[in-house]
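Visitor: Contents of target.cif (mmCIF, C-alpha atoms and all ligand atoms) are given next:
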```
data_coords
#
loop_
_atom_site.group_PDB
_atom_site.id
_atom_site.type_symbol
_atom_site.label_atom_id
_atom_site.label_comp_id
_atom_site.auth_asym_id
_atom_site.auth_seq_id
_atom_site.Cartn_x
_atom_site.Cartn_y
_atom_site.Cartn_z
ATOM 1 C CA MET A 3 0.000 0.000 0.000
ATOM 2 C CA ASN A 4 1.335 3.445 -0.846
ATOM 3 C CA ALA A 5 1.227 6.467 1.461
ATOM 4 C CA SER A 6 -1.902 8.012 -0.037
ATOM 5 C CA SER A 7 -3.957 4.821 0.254
ATOM 6 C CA LEU A 8 -2.712 4.311 3.841
ATOM 7 C CA GLN A 9 -3.668 7.914 4.615
ATOM 8 C CA ALA A 10 -7.138 7.402 3.136
ATOM 9 C CA LEU A 11 -7.482 4.187 5.125
ATOM 10 C CA ILE A 12 -6.648 5.723 8.518
ATOM 11 C CA ASP A 13 -8.879 8.735 7.774
ATOM 12 C CA ASP A 14 -11.733 6.291 7.090
ATOM 13 C CA ILE A 15 -10.940 4.212 10.173
ATOM 14 C CA VAL A 16 -10.945 7.258 12.459
ATOM 15 C CA ALA A 17 -14.251 8.465 10.971
ATOM 16 C CA ALA A 18 -15.841 5.027 11.333
ATOM 17 C CA THR A 19 -14.509 4.406 14.852
ATOM 18 C CA ARG A 20 -15.536 7.743 16.420
ATOM 19 C CA SER A 21 -18.851 6.183 17.441
ATOM 20 C CA ARG A 22 -16.932 3.791 19.732
ATOM 21 C CA CYS A 23 -15.319 6.616 21.731
ATOM 22 C CA ASP A 24 -18.146 6.757 24.243
ATOM 23 C CA GLU A 25 -17.753 3.091 25.248
ATOM 24 C CA GLY A 26 -15.897 2.297 28.465
ATOM 25 C CA ALA A 27 -14.495 4.672 31.063
ATOM 26 C CA VAL A 28 -11.344 6.755 31.478
ATOM 27 C CA ALA A 29 -8.842 5.520 34.077
ATOM 28 C CA ASP A 30 -9.535 7.328 37.339
ATOM 29 C CA TYR A 31 -7.327 5.398 39.763
ATOM 30 C CA ILE A 32 -4.735 7.974 38.702
ATOM 31 C CA PRO A 33 -6.870 11.092 39.334
ATOM 32 C CA ALA A 34 -5.033 13.304 36.811
ATOM 33 C CA LEU A 35 -5.949 10.895 33.992
ATOM 34 C CA ALA A 36 -9.665 11.358 34.714
ATOM 35 C CA LYS A 37 -9.337 14.988 33.561
ATOM 36 C CA VAL A 38 -8.438 14.068 29.977
ATOM 37 C CA PRO A 39 -11.108 14.967 27.361
ATOM 38 C CA PRO A 40 -12.579 11.492 26.778
ATOM 39 C CA ASP A 41 -13.820 11.832 23.204
ATOM 40 C CA ARG A 42 -10.453 12.047 21.502
ATOM 41 C CA LEU A 43 -9.465 9.589 18.787
ATOM 42 C CA GLY A 44 -6.190 9.670 16.924
ATOM 43 C CA MET A 45 -4.249 7.307 14.717
ATOM 44 C CA ALA A 46 -0.795 7.504 13.134
ATOM 45 C CA ILE A 47 1.448 5.293 11.045
ATOM 46 C CA ALA A 48 5.210 5.517 10.595
ATOM 47 C CA THR A 49 6.591 3.591 7.629
ATOM 48 C CA LEU A 50 10.169 2.437 7.170
ATOM 49 C CA ASP A 51 10.994 5.272 4.780
ATOM 50 C CA GLY A 52 10.264 7.744 7.590
ATOM 51 C CA THR A 53 6.841 8.862 6.377
ATOM 52 C CA VAL A 54 4.460 9.603 9.269
ATOM 53 C CA LEU A 55 0.745 9.644 8.458
ATOM 54 C CA ARG A 56 -1.738 11.192 10.876
ATOM 55 C CA ALA A 57 -5.517 11.055 11.310
ATOM 56 C CA GLY A 58 -7.887 12.586 13.868
ATOM 57 C CA ASP A 59 -6.185 13.669 17.094
ATOM 58 C CA ALA A 60 -2.876 12.079 16.115
ATOM 59 C CA THR A 61 -0.712 15.038 17.123
ATOM 60 C CA GLU A 62 -2.232 15.613 20.566
ATOM 61 C CA PRO A 63 0.063 14.453 23.395
ATOM 62 C CA PHE A 64 -1.422 12.029 25.931
ATOM 63 C CA SER A 65 -0.107 10.115 28.917
ATOM 64 C CA ILE A 66 1.714 7.101 27.497
ATOM 65 C CA GLN A 67 1.561 5.167 30.814
ATOM 66 C CA SER A 68 2.397 1.500 30.212
ATOM 67 C CA ILE A 69 3.613 2.158 26.671
ATOM 68 C CA SER A 70 6.645 3.651 28.447
ATOM 69 C CA LYS A 71 7.450 0.097 29.614
ATOM 70 C CA LEU A 72 8.450 -0.658 26.026
ATOM 71 C CA PHE A 73 11.119 2.034 25.975
ATOM 72 C CA ALA A 74 12.312 1.185 29.498
ATOM 73 C CA LEU A 75 12.600 -2.497 28.544
ATOM 74 C CA THR A 76 14.534 -1.619 25.379
ATOM 75 C CA LEU A 77 16.945 0.517 27.371
ATOM 76 C CA ALA A 78 17.384 -2.173 30.040
ATOM 77 C CA LEU A 79 17.945 -4.893 27.434
ATOM 78 C CA ARG A 80 20.492 -2.703 25.694
ATOM 79 C CA ARG A 81 22.387 -2.298 28.969
ATOM 80 C CA GLU A 82 21.986 -5.771 30.465
ATOM 81 C CA GLY A 83 21.636 -8.063 27.468
ATOM 82 C CA GLU A 84 20.246 -11.543 27.974
ATOM 83 C CA SER A 85 21.101 -11.583 31.689
ATOM 84 C CA LEU A 86 18.014 -9.402 32.165
ATOM 85 C CA TRP A 87 15.907 -12.566 31.927
ATOM 86 C CA ARG A 88 17.310 -13.779 35.220
ATOM 87 C CA ARG A 89 15.280 -11.048 36.903
ATOM 88 C CA VAL A 90 12.039 -11.088 34.923
ATOM 89 C CA GLY A 91 10.156 -13.809 33.061
ATOM 90 C CA ARG A 92 8.860 -14.025 29.509
ATOM 91 C CA GLU A 93 5.456 -15.592 30.010
ATOM 92 C CA PRO A 94 1.981 -14.072 29.849
ATOM 93 C CA SER A 95 0.501 -13.705 33.303
ATOM 94 C CA GLY A 96 -3.205 -14.135 32.575
ATOM 95 C CA THR A 97 -3.746 -11.629 35.361
ATOM 96 C CA PRO A 98 -4.554 -7.915 35.443
ATOM 97 C CA PHE A 99 -1.571 -5.589 34.974
ATOM 98 C CA ASN A 100 -1.430 -4.638 38.655
ATOM 99 C CA SER A 101 -2.002 -8.072 40.176
ATOM 100 C CA LEU A 102 0.061 -9.476 43.061
ATOM 101 C CA VAL A 103 -1.234 -13.041 43.104
ATOM 102 C CA LEU A 104 1.536 -14.788 41.149
ATOM 103 C CA LEU A 105 4.337 -13.025 42.964
ATOM 104 C CA GLU A 106 3.965 -15.034 46.146
ATOM 105 C CA ARG A 107 3.912 -18.371 44.339
ATOM 106 C CA GLU A 108 6.797 -17.377 42.062
ATOM 107 C CA GLN A 109 9.133 -16.009 44.743
ATOM 108 C CA GLY A 110 8.903 -12.369 43.713
ATOM 109 C CA ILE A 111 9.977 -12.887 40.078
ATOM 110 C CA PRO A 112 7.431 -11.207 37.794
ATOM 111 C CA ARG A 113 6.012 -13.094 34.840
ATOM 112 C CA ASN A 114 7.021 -10.512 32.242
ATOM 113 C CA PRO A 115 8.354 -6.947 31.904
ATOM 114 C CA PHE A 116 4.961 -5.460 31.005
ATOM 115 C CA VAL A 117 2.883 -6.268 34.093
ATOM 116 C CA ASN A 118 3.518 -3.608 36.733
ATOM 117 C CA ALA A 119 5.667 -5.949 38.844
ATOM 118 C CA GLY A 120 7.933 -6.647 35.861
ATOM 119 C CA ALA A 121 8.099 -2.995 34.888
ATOM 120 C CA LEU A 122 9.106 -2.106 38.454
ATOM 121 C CA VAL A 123 11.968 -4.623 38.184
ATOM 122 C CA ILE A 124 13.029 -3.009 34.896
ATOM 123 C CA THR A 125 12.984 0.391 36.623
ATOM 124 C CA ASP A 126 15.053 -1.137 39.427
ATOM 125 C CA VAL A 127 17.589 -2.306 36.833
ATOM 126 C CA LEU A 128 17.680 1.231 35.403
ATOM 127 C CA CYS A 129 18.056 2.648 38.940
ATOM 128 C CA GLN A 130 21.331 0.690 39.246
ATOM 129 C CA ARG A 131 22.583 2.161 35.963
ATOM 130 C CA PHE A 132 21.312 5.745 35.935
ATOM 131 C CA LEU A 133 21.030 8.484 38.553
ATOM 132 C CA GLN A 134 17.673 9.530 37.107
ATOM 133 C CA PRO A 135 16.170 6.529 35.298
ATOM 134 C CA GLU A 136 13.098 8.446 34.126
ATOM 135 C CA ARG A 137 15.398 11.014 32.469
ATOM 136 C CA ALA A 138 17.280 8.141 30.833
ATOM 137 C CA VAL A 139 14.012 6.782 29.373
ATOM 138 C CA LEU A 140 12.976 10.272 28.259
ATOM 139 C CA GLU A 141 16.350 10.978 26.665
ATOM 140 C CA PHE A 142 16.239 7.601 24.940
ATOM 141 C CA ILE A 143 12.913 8.653 23.399
ATOM 142 C CA HIS A 144 14.429 12.030 22.420
ATOM 143 C CA GLY A 145 17.189 10.153 20.631
ATOM 144 C CA LEU A 146 14.677 7.992 18.767
ATOM 145 C CA LEU A 147 12.722 11.069 17.665
ATOM 146 C CA GLY A 148 15.708 13.305 16.997
ATOM 147 C CA ARG A 149 13.925 15.991 19.065
ATOM 148 C CA THR A 150 13.857 17.017 22.704
ATOM 149 C CA ASP A 151 10.364 18.505 23.041
ATOM 150 C CA VAL A 152 8.770 15.375 24.572
ATOM 151 C CA ALA A 153 8.413 15.769 28.365
ATOM 152 C CA ILE A 154 7.199 14.174 31.565
ATOM 153 C CA ASP A 155 3.838 15.601 32.696
ATOM 154 C CA ALA A 156 4.750 16.490 36.282
ATOM 155 C CA GLY A 157 1.091 16.735 37.367
ATOM 156 C CA VAL A 158 0.329 13.201 36.163
ATOM 157 C CA ALA A 159 3.541 11.872 37.755
ATOM 158 C CA ARG A 160 2.638 13.471 41.105
ATOM 159 C CA SER A 161 -0.943 12.253 40.913
ATOM 160 C CA GLU A 162 0.128 8.653 40.268
ATOM 161 C CA ARG A 163 2.826 8.759 42.958
ATOM 162 C CA GLN A 164 0.271 10.012 45.498
ATOM 163 C CA HIS A 165 -2.024 7.120 44.613
ATOM 164 C CA SER A 166 0.554 4.376 44.192
ATOM 165 C CA ASP A 167 -0.432 2.074 47.075
ATOM 166 C CA ARG A 168 -0.870 -0.922 44.783
ATOM 167 C CA ASN A 169 2.476 -0.476 43.034
ATOM 168 C CA ALA A 170 4.106 0.239 46.397
ATOM 169 C CA ALA A 171 2.708 -3.057 47.699
ATOM 170 C CA ILE A 172 4.127 -4.864 44.655
ATOM 171 C CA ALA A 173 7.547 -3.219 45.082
ATOM 172 C CA HIS A 174 7.751 -3.961 48.816
ATOM 173 C CA PHE A 175 6.583 -7.527 48.265
ATOM 174 C CA MET A 176 9.284 -8.142 45.647
ATOM 175 C CA ARG A 177 11.892 -6.577 47.937
ATOM 176 C CA SER A 178 10.817 -8.968 50.704
ATOM 177 C CA PHE A 179 11.940 -11.771 48.363
ATOM 178 C CA GLY A 180 15.247 -9.990 47.781
ATOM 179 C CA LYS A 181 14.263 -9.204 44.192
ATOM 180 C CA LEU A 182 14.500 -5.408 44.269
ATOM 181 C CA GLY A 183 17.925 -3.795 44.713
ATOM 182 C CA SER A 184 16.830 -0.206 45.323
ATOM 183 C CA GLN A 185 14.462 1.163 47.918
ATOM 184 C CA PRO A 186 10.830 0.847 46.787
ATOM 185 C CA ALA A 187 10.318 4.626 47.104
ATOM 186 C CA THR A 188 13.198 5.308 44.694
ATOM 187 C CA VAL A 189 11.844 2.802 42.166
ATOM 188 C CA LEU A 190 8.294 4.148 42.495
ATOM 189 C CA ASP A 191 9.376 7.771 41.974
ATOM 190 C CA ALA A 192 11.164 6.839 38.751
ATOM 191 C CA TYR A 193 8.413 4.491 37.554
ATOM 192 C CA CYS A 194 5.582 7.016 38.069
ATOM 193 C CA ALA A 195 7.569 9.729 36.289
ATOM 194 C CA GLN A 196 8.364 7.418 33.371
ATOM 195 C CA CYS A 197 4.683 6.468 32.982
ATOM 196 C CA ALA A 198 3.771 10.191 32.907
ATOM 197 C CA ILE A 199 5.703 10.900 29.705
ATOM 198 C CA ALA A 200 3.310 12.622 27.302
ATOM 199 C CA MET A 201 3.508 11.820 23.599
ATOM 200 C CA SER A 202 1.256 11.873 20.541
ATOM 201 C CA CYS A 203 0.270 8.942 18.338
ATOM 202 C CA ALA A 204 2.535 10.350 15.624
ATOM 203 C CA ASP A 205 5.560 10.461 17.936
ATOM 204 C CA LEU A 206 4.884 7.017 19.404
ATOM 205 C CA ALA A 207 4.648 5.493 15.935
ATOM 206 C CA ARG A 208 7.907 7.157 14.911
ATOM 207 C CA ALA A 209 9.772 6.360 18.143
ATOM 208 C CA SER A 210 8.914 2.651 17.952
ATOM 209 C CA LEU A 211 9.812 2.241 14.280
ATOM 210 C CA PHE A 212 13.059 0.435 15.167
ATOM 211 C CA LEU A 213 10.910 -2.503 16.318
ATOM 212 C CA ALA A 214 9.642 -2.875 12.758
ATOM 213 C CA ALA A 215 13.197 -2.699 11.407
ATOM 214 C CA ASP A 216 15.099 -5.470 13.224
ATOM 215 C CA GLY A 217 16.174 -3.038 15.928
ATOM 216 C CA ARG A 218 17.747 -0.457 13.585
ATOM 217 C CA ASP A 219 16.604 3.093 13.215
ATOM 218 C CA PRO A 220 15.482 2.852 9.586
ATOM 219 C CA LEU A 221 16.515 6.415 8.800
ATOM 220 C CA GLY A 222 19.683 6.894 10.822
ATOM 221 C CA GLY A 223 20.597 3.270 10.104
ATOM 222 C CA SER A 224 22.256 2.863 13.494
ATOM 223 C CA PRO A 225 21.207 -0.042 15.722
ATOM 224 C CA VAL A 226 18.931 0.889 18.635
ATOM 225 C CA VAL A 227 19.092 -2.707 19.853
ATOM 226 C CA ASP A 228 20.351 -5.831 18.134
ATOM 227 C CA ALA A 229 17.955 -7.835 15.972
ATOM 228 C CA LEU A 230 17.589 -10.551 18.616
ATOM 229 C CA ALA A 231 16.501 -8.038 21.255
ATOM 230 C CA ALA A 232 14.013 -6.465 18.828
ATOM 231 C CA ARG A 233 12.570 -9.909 18.117
ATOM 232 C CA ARG A 234 12.272 -10.616 21.833
ATOM 233 C CA ILE A 235 10.480 -7.307 22.463
ATOM 234 C CA ASN A 236 8.000 -7.931 19.631
ATOM 235 C CA ALA A 237 7.364 -11.457 20.949
ATOM 236 C CA LEU A 238 6.686 -10.100 24.421
ATOM 237 C CA MET A 239 4.370 -7.427 23.034
ATOM 238 C CA LEU A 240 2.374 -10.090 21.222
ATOM 239 C CA THR A 241 2.118 -12.429 24.197
ATOM 240 C CA CYS A 242 2.023 -9.971 27.115
ATOM 241 C CA GLY A 243 1.514 -6.427 25.768
ATOM 242 C CA ALA A 244 -2.219 -6.335 26.487
ATOM 243 C CA TYR A 245 -2.018 -8.309 29.769
ATOM 244 C CA ASP A 246 -4.926 -10.685 30.250
ATOM 245 C CA ALA A 247 -6.368 -9.545 26.909
ATOM 246 C CA ALA A 248 -3.237 -10.609 24.989
ATOM 247 C CA GLY A 249 -4.918 -13.692 23.544
ATOM 248 C CA ASP A 250 -7.955 -11.706 22.488
ATOM 249 C CA PHE A 251 -5.706 -9.067 20.889
ATOM 250 C CA ALA A 252 -3.745 -11.769 19.061
ATOM 251 C CA CYS A 253 -7.012 -13.103 17.621
ATOM 252 C CA ARG A 254 -8.475 -9.702 16.767
ATOM 253 C CA ILE A 255 -5.348 -7.815 15.683
ATOM 254 C CA GLY A 256 -2.563 -10.349 15.239
ATOM 255 C CA LEU A 257 0.284 -7.881 15.750
ATOM 256 C CA PRO A 258 2.675 -7.127 18.612
ATOM 257 C CA THR A 259 0.932 -4.409 20.651
ATOM 258 C CA LYS A 260 1.489 -2.424 23.812
ATOM 259 C CA THR A 261 -1.356 -0.694 25.586
ATOM 260 C CA GLY A 262 -1.495 1.988 28.262
ATOM 261 C CA VAL A 263 -4.194 3.252 30.623
ATOM 262 C CA GLY A 264 -3.846 6.685 29.014
ATOM 263 C CA GLY A 265 -5.742 5.064 26.127
ATOM 264 C CA GLY A 266 -2.857 4.569 23.725
ATOM 265 C CA ILE A 267 -2.188 1.355 21.821
ATOM 266 C CA LEU A 268 0.982 0.891 19.830
ATOM 267 C CA ALA A 269 1.276 -1.865 17.241
ATOM 268 C CA VAL A 270 4.244 -3.063 15.200
ATOM 269 C CA VAL A 271 4.073 -4.607 11.745
ATOM 270 C CA PRO A 272 7.505 -6.260 11.529
ATOM 271 C CA GLY A 273 9.365 -5.293 8.366
ATOM 272 C CA ARG A 274 6.754 -2.697 7.420
ATOM 273 C CA MET A 275 5.616 -0.037 9.872
ATOM 274 C CA SER A 276 4.682 0.978 13.361
ATOM 275 C CA LEU A 277 1.306 2.458 14.249
ATOM 276 C CA CYS A 278 -0.461 3.956 17.211
ATOM 277 C CA ALA A 279 -4.085 4.698 18.044
ATOM 278 C CA TRP A 280 -5.378 6.634 21.052
ATOM 279 C CA SER A 281 -8.727 7.152 22.704
ATOM 280 C CA PRO A 282 -9.010 7.561 26.505
ATOM 281 C CA ARG A 283 -11.954 5.343 27.439
ATOM 282 C CA LEU A 284 -10.926 1.838 28.532
ATOM 283 C CA ASP A 285 -12.396 -1.625 28.897
ATOM 284 C CA ALA A 286 -12.254 -3.681 32.092
ATOM 285 C CA ASN A 287 -8.702 -4.854 31.245
ATOM 286 C CA GLY A 288 -7.443 -1.258 31.064
ATOM 287 C CA ASN A 289 -7.149 -1.203 27.275
ATOM 288 C CA SER A 290 -8.700 1.501 25.060
ATOM 289 C CA ILE A 291 -11.869 0.286 23.365
ATOM 290 C CA ALA A 292 -11.852 2.664 20.384
ATOM 291 C CA ALA A 293 -8.083 2.437 19.834
ATOM 292 C CA ALA A 294 -8.271 -1.375 19.815
ATOM 293 C CA ALA A 295 -11.207 -1.214 17.399
ATOM 294 C CA ALA A 296 -9.247 1.140 15.102
ATOM 295 C CA ILE A 297 -6.179 -1.113 15.034
ATOM 296 C CA GLU A 298 -8.329 -4.215 14.591
ATOM 297 C CA ARG A 299 -9.943 -2.603 11.589
ATOM 298 C CA PHE A 300 -6.551 -1.602 10.224
ATOM 299 C CA ALA A 301 -5.294 -5.185 10.470
ATOM 300 C CA ALA A 302 -8.457 -6.531 8.835
ATOM 301 C CA GLU A 303 -8.442 -4.020 5.952
ATOM 302 C CA THR A 304 -4.728 -4.402 5.176
ATOM 303 C CA GLY A 305 -4.371 -8.129 5.871
ATOM 304 C CA LEU A 306 -1.220 -7.271 7.844
ATOM 305 C CA SER A 307 -1.928 -9.574 10.788
ATOM 306 C CA ILE A 308 1.134 -11.795 11.197
ATOM 307 C CA PHE A 309 -1.114 -14.859 11.271
HETATM 308 O O1 LIG B 1 1.283 1.545 37.103
HETATM 309 C C1 LIG B 1 0.194 1.854 36.646
HETATM 310 O O2 LIG B 1 -0.851 1.399 37.095
HETATM 311 C C2 LIG B 1 0.172 2.839 35.481
HETATM 312 N N1 LIG B 1 1.205 3.799 35.599
HETATM 313 C C3 LIG B 1 0.323 2.134 34.163
HETATM 314 C C4 LIG B 1 -0.678 1.018 33.939
HETATM 315 C C5 LIG B 1 -1.026 0.822 32.517
HETATM 316 O O3 LIG B 1 -0.887 1.690 31.686
HETATM 317 C C6 LIG B 1 -1.676 -0.481 32.179
HETATM 318 N N2 LIG B 1 -1.975 -0.575 30.769
HETATM 319 N N3 LIG B 1 -2.961 -0.703 30.150
#
```
I need this file expressed as structure tokens, please.
Guide:
Amino acid sequence: MNASSLQALIDDIVAATRSRCDEGAVADYIPALAKVPPDRLGMAIATLDGTVLRAGDATEPFSIQSISKLFALTLALRREGESLWRRVGREPSGTPFNSLVLLEREQGIPRNPFVNAGALVITDVLCQRFLQPERAVLEFIHGLLGRTDVAIDAGVARSERQHSDRNAAIAHFMRSFGKLGSQPATVLDAYCAQCAIAMSCADLARASLFLAADGRDPLGGSPVVDALAARRINALMLTCGAYDAAGDFACRIGLPTKTGVGGGILAVVPGRMSLCAWSPRLDANGNSIAAAAAIERFAAETGLSIF
């Protein structure tokens, strides 16, 4: 498909999916997220030649939340290599993203880097390597975009940190098993700030393009991560990126995806493109209903599901 037919397609998808924007509810367990205008819908595609196509509210920044776990994981993998897997698993959890139940049975080792427990371990790894891990994640994103105007929304970070009892419980529980090197408060500060990075669909699609290109920045040509790491990240997105909806997403969309409670969903078409859709209202699993519908439609219309 050429750029103009892809543009026409995402324009059509956004127009057809607007009616789904009133389904579900915005995340309010982080109070600042409840203030987001709920009827937004955006979609963007970045193709390997660097073209970025935008539809609807594709240039409006939103809270990337768990999509940040993708960039943190990439950074941690780049630093630690395969030894990272000694600290975090690579299996779907079949539990909600903020669940504690498996941690007791599995001795404080999280199932995967995308559930909150796993993401807190990744932040802990970054805490050992960087003085300000959230700045390291942000600067990594700046490098991917070739721009420095993406920022952490301090109000969202504060709001999450003030309401982080569940994540604090997870962090303390893992530390009780000896699985967290830093103090829970240090890890939580960095984690909440990282989740509060604000980005648009267009920037998320562009920043994740290396995952569609065997780990290389397709324009700069330099490796972001090696091809093996990129393959691992895509595999984890497919199997764990939507938490206990990962199987449903694999059936409906059939692409590696990563969701966030800000309403964003990023999807990678290996060897072709990266795309992102955003709409704030979520289903019971914490995934955006309209964004999932938009990406599902995209996969159906293009036949780009990997299955
Ligand atoms: O830790 C949390 O609960 C949030 N900062 C991120 C959760 C999230 O985005 C789950 N994804 N759908």
Visitor: Could you check the closest approach to A:Arg233 for each of A:Gln196, A:Thr76, A:Ser68, A:Ser6 and tell me which residue wins, using only C-alpha atoms?
Guide: A:Thr76
Visitor: Per residue of chain A within 7 Å of ligand LIG 1 (chain B), record the nearest atom pair and its distance in Å to one decimal, counting only C-alpha atoms and all ligand atoms, with rows in chain order and ascending residue number, as JSON lines.
Guide:
```
{"residue": "A:Gln67", "atom": "CA", "partner": "B:LIG1", "partner_atom": "O3", "distance": 4.3}
{"residue": "A:Ser68", "atom": "CA", "partner": "B:LIG1", "partner_atom": "O3", "distance": 3.6}
{"residue": "A:Ile69", "atom": "CA", "partner": "B:LIG1", "partner_atom": "O3", "distance": 6.8}
{"residue": "A:Phe99", "atom": "CA", "partner": "B:LIG1", "partner_atom": "C6", "distance": 5.8}
{"residue": "A:Asn100", "atom": "CA", "partner": "B:LIG1", "partner_atom": "O2", "distance": 6.3}
{"residue": "A:Asn118", "atom": "CA", "partner": "B:LIG1", "partner_atom": "O1", "distance": 5.6}
{"residue": "A:Glu162", "atom": "CA", "partner": "B:LIG1", "partner_atom": "N1", "distance": 6.8}
{"residue": "A:Asn169", "atom": "CA", "partner": "B:LIG1", "partner_atom": "O1", "distance": 6.4}
{"residue": "A:Cys194", "atom": "CA", "partner": "B:LIG1", "partner_atom": "N1", "distance": 6.0}
{"residue": "A:Cys197", "atom": "CA", "partner": "B:LIG1", "partner_atom": "N1", "distance": 5.1}
{"residue": "A:Ala244", "atom": "CA", "partner": "B:LIG1", "partner_atom": "N3", "distance": 6.8}
{"residue": "A:Thr261", "atom": "CA", "partner": "B:LIG1", "partner_atom": "N3", "distance": 4.8}
{"residue": "A:Gly262", "atom": "CA", "partner": "B:LIG1", "partner_atom": "O3", "distance": 3.5}
{"residue": "A:Val263", "atom": "CA", "partner": "B:LIG1", "partner_atom": "O3", "distance": 3.8}
{"residue": "A:Gly264", "atom": "CA", "partner": "B:LIG1", "partner_atom": "O3", "distance": 6.4}
{"residue": "A:Gly288", "atom": "CA", "partner": "B:LIG1", "partner_atom": "N3", "distance": 4.6}
{"residue": "A:Asn289", "atom": "CA", "partner": "B:LIG1", "partner_atom": "N3", "distance": 5.1}
```
Visitor: Would you work out the distance separating atom CA of A:Asp14 from atom CA of A:Pro63, expressed in Å to one decimal?
Guide: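 For atom CA of A:Asp14 relative to atom CA of A:Pro63, the distance reads 21.7 Å.
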Visitor: Evaluating the PyMOL selection byres (((chain A and resi 16) around 12) and not hetatm) on the displayed file yields which residues, as a PyMOL selection string?
Guide: chain A and resi 9-15+17-23+42-46+56-60+278-281+292-300
Visitor: Any chance you can output those residues with C-alpha atoms as a short mmCIF file (atom, residue, chain, number, x, y, z; two decimals), in the frame of the given file?
Guide:
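Writing done, so here's selection39.cif:
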```cif
data_model
loop_
_atom_site.label_atom_id
_atom_site.label_comp_id
_atom_site.auth_asym_id
_atom_site.auth_seq_id
_atom_site.Cartn_x
_atom_site.Cartn_y
_atom_site.Cartn_z
CA GLN A 9 -3.67 7.91 4.62
CA ALA A 10 -7.14 7.40 3.14
CA LEU A 11 -7.48 4.19 5.12
CA ILE A 12 -6.65 5.72 8.52
CA ASP A 13 -8.88 8.74 7.77
CA ASP A 14 -11.73 6.29 7.09
CA ILE A 15 -10.94 4.21 10.17
CA ALA A 17 -14.25 8.46 10.97
CA ALA A 18 -15.84 5.03 11.33
CA THR A 19 -14.51 4.41 14.85
CA ARG A 20 -15.54 7.74 16.42
CA SER A 21 -18.85 6.18 17.44
CA ARG A 22 -16.93 3.79 19.73
CA CYS A 23 -15.32 6.62 21.73
CA ARG A 42 -10.45 12.05 21.50
CA LEU A 43 -9.46 9.59 18.79
CA GLY A 44 -6.19 9.67 16.92
CA MET A 45 -4.25 7.31 14.72
CA ALA A 46 -0.80 7.50 13.13
CA ARG A 56 -1.74 11.19 10.88
CA ALA A 57 -5.52 11.06 11.31
CA GLY A 58 -7.89 12.59 13.87
CA ASP A 59 -6.18 13.67 17.09
CA ALA A 60 -2.88 12.08 16.11
CA CYS A 278 -0.46 3.96 17.21
CA ALA A 279 -4.08 4.70 18.04
CA TRP A 280 -5.38 6.63 21.05
CA SER A 281 -8.73 7.15 22.70
CA ALA A 292 -11.85 2.66 20.38
CA ALA A 293 -8.08 2.44 19.83
CA ALA A 294 -8.27 -1.38 19.82
CA ALA A 295 -11.21 -1.21 17.40
CA ALA A 296 -9.25 1.14 15.10
CA ILE A 297 -6.18 -1.11 15.03
CA GLU A 298 -8.33 -4.22 14.59
CA ARG A 299 -9.94 -2.60 11.59
CA PHE A 300 -6.55 -1.60 10.22
#
```
Visitor: Apply the PyMOL selection byres (((chain A and resi 270) around 7) and not hetatm) to the file shown and report the selected residues as a list in words.
Guide: Leu213, Ala214, Leu257, Pro258, Thr259, Leu268, Ala269, Val271, Pro272, Met275, Ser276 and Leu277 of chain A
Visitor: For a quick check of understanding, using all atoms listed in the file, which of A:Ala187, A:Leu72, A:Leu146, A:Leu284 has the smallest distance to A:Ser224?
Guide: A:Leu146
Visitor: Interatomic distance between atom CA of A:Val90 and atom CA of A:Pro112?
Guide: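 Interatomic distance here is 5.4 Å.
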Visitor: With all atoms listed in the file as the atoms that count, which of A:Ala121, A:Ala170, A:Val189, A:Val127 lies nearest to A:Ser85?
Guide: A:Val127
Visitor: Residues at most 12 Å from A:Gly183, counting all atoms listed in the file, excluding those fewer than 4 positions away in the same chain, as a PDB file with C-alpha atoms, in the frame of the given file?
Guide:
```pdb
ATOM      1  CA  ARG A  89      15.280 -11.048  36.903  1.00  0.00           C
ATOM      2  CA  LEU A 122       9.106  -2.106  38.454  1.00  0.00           C
ATOM      3  CA  VAL A 123      11.968  -4.623  38.184  1.00  0.00           C
ATOM      4  CA  ILE A 124      13.029  -3.009  34.896  1.00  0.00           C
ATOM      5  CA  THR A 125      12.984   0.391  36.623  1.00  0.00           C
ATOM      6  CA  ASP A 126      15.053  -1.137  39.427  1.00  0.00           C
ATOM      7  CA  VAL A 127      17.589  -2.306  36.833  1.00  0.00           C
ATOM      8  CA  LEU A 128      17.680   1.231  35.403  1.00  0.00           C
ATOM      9  CA  CYS A 129      18.056   2.648  38.940  1.00  0.00           C
ATOM     10  CA  GLN A 130      21.331   0.690  39.246  1.00  0.00           C
ATOM     11  CA  ARG A 131      22.583   2.161  35.963  1.00  0.00           C
ATOM     12  CA  ALA A 173       7.547  -3.219  45.082  1.00  0.00           C
ATOM     13  CA  HIS A 174       7.751  -3.961  48.816  1.00  0.00           C
ATOM     14  CA  MET A 176       9.284  -8.142  45.647  1.00  0.00           C
ATOM     15  CA  ARG A 177      11.892  -6.577  47.937  1.00  0.00           C
ATOM     16  CA  SER A 178      10.817  -8.968  50.704  1.00  0.00           C
ATOM     17  CA  PHE A 179      11.940 -11.771  48.363  1.00  0.00           C
ATOM     18  CA  ALA A 187      10.318   4.626  47.104  1.00  0.00           C
ATOM     19  CA  THR A 188      13.198   5.308  44.694  1.00  0.00           C
ATOM     20  CA  VAL A 189      11.844   2.802  42.166  1.00  0.00           C
TER      21      VAL A 189
END
```
Visitor: If the PyMOL selection byres (((chain A and resi 138) around 12) and not hetatm) were run on this exact file, what residues would it hold? Put them as a PyMOL selection string.
Guide: chain A and resi 70+73-78+81+125+128-137+139-145+153-154+192-193+195-196+199
Visitor: Kindly indicate which residue among A:Ala248, A:Ser307, A:Ala171, A:Gly91 lies nearest to A:Arg113, using all atoms listed in the file for the distances.
Guide: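 The closest residue to A:Arg113 is A:Gly91.
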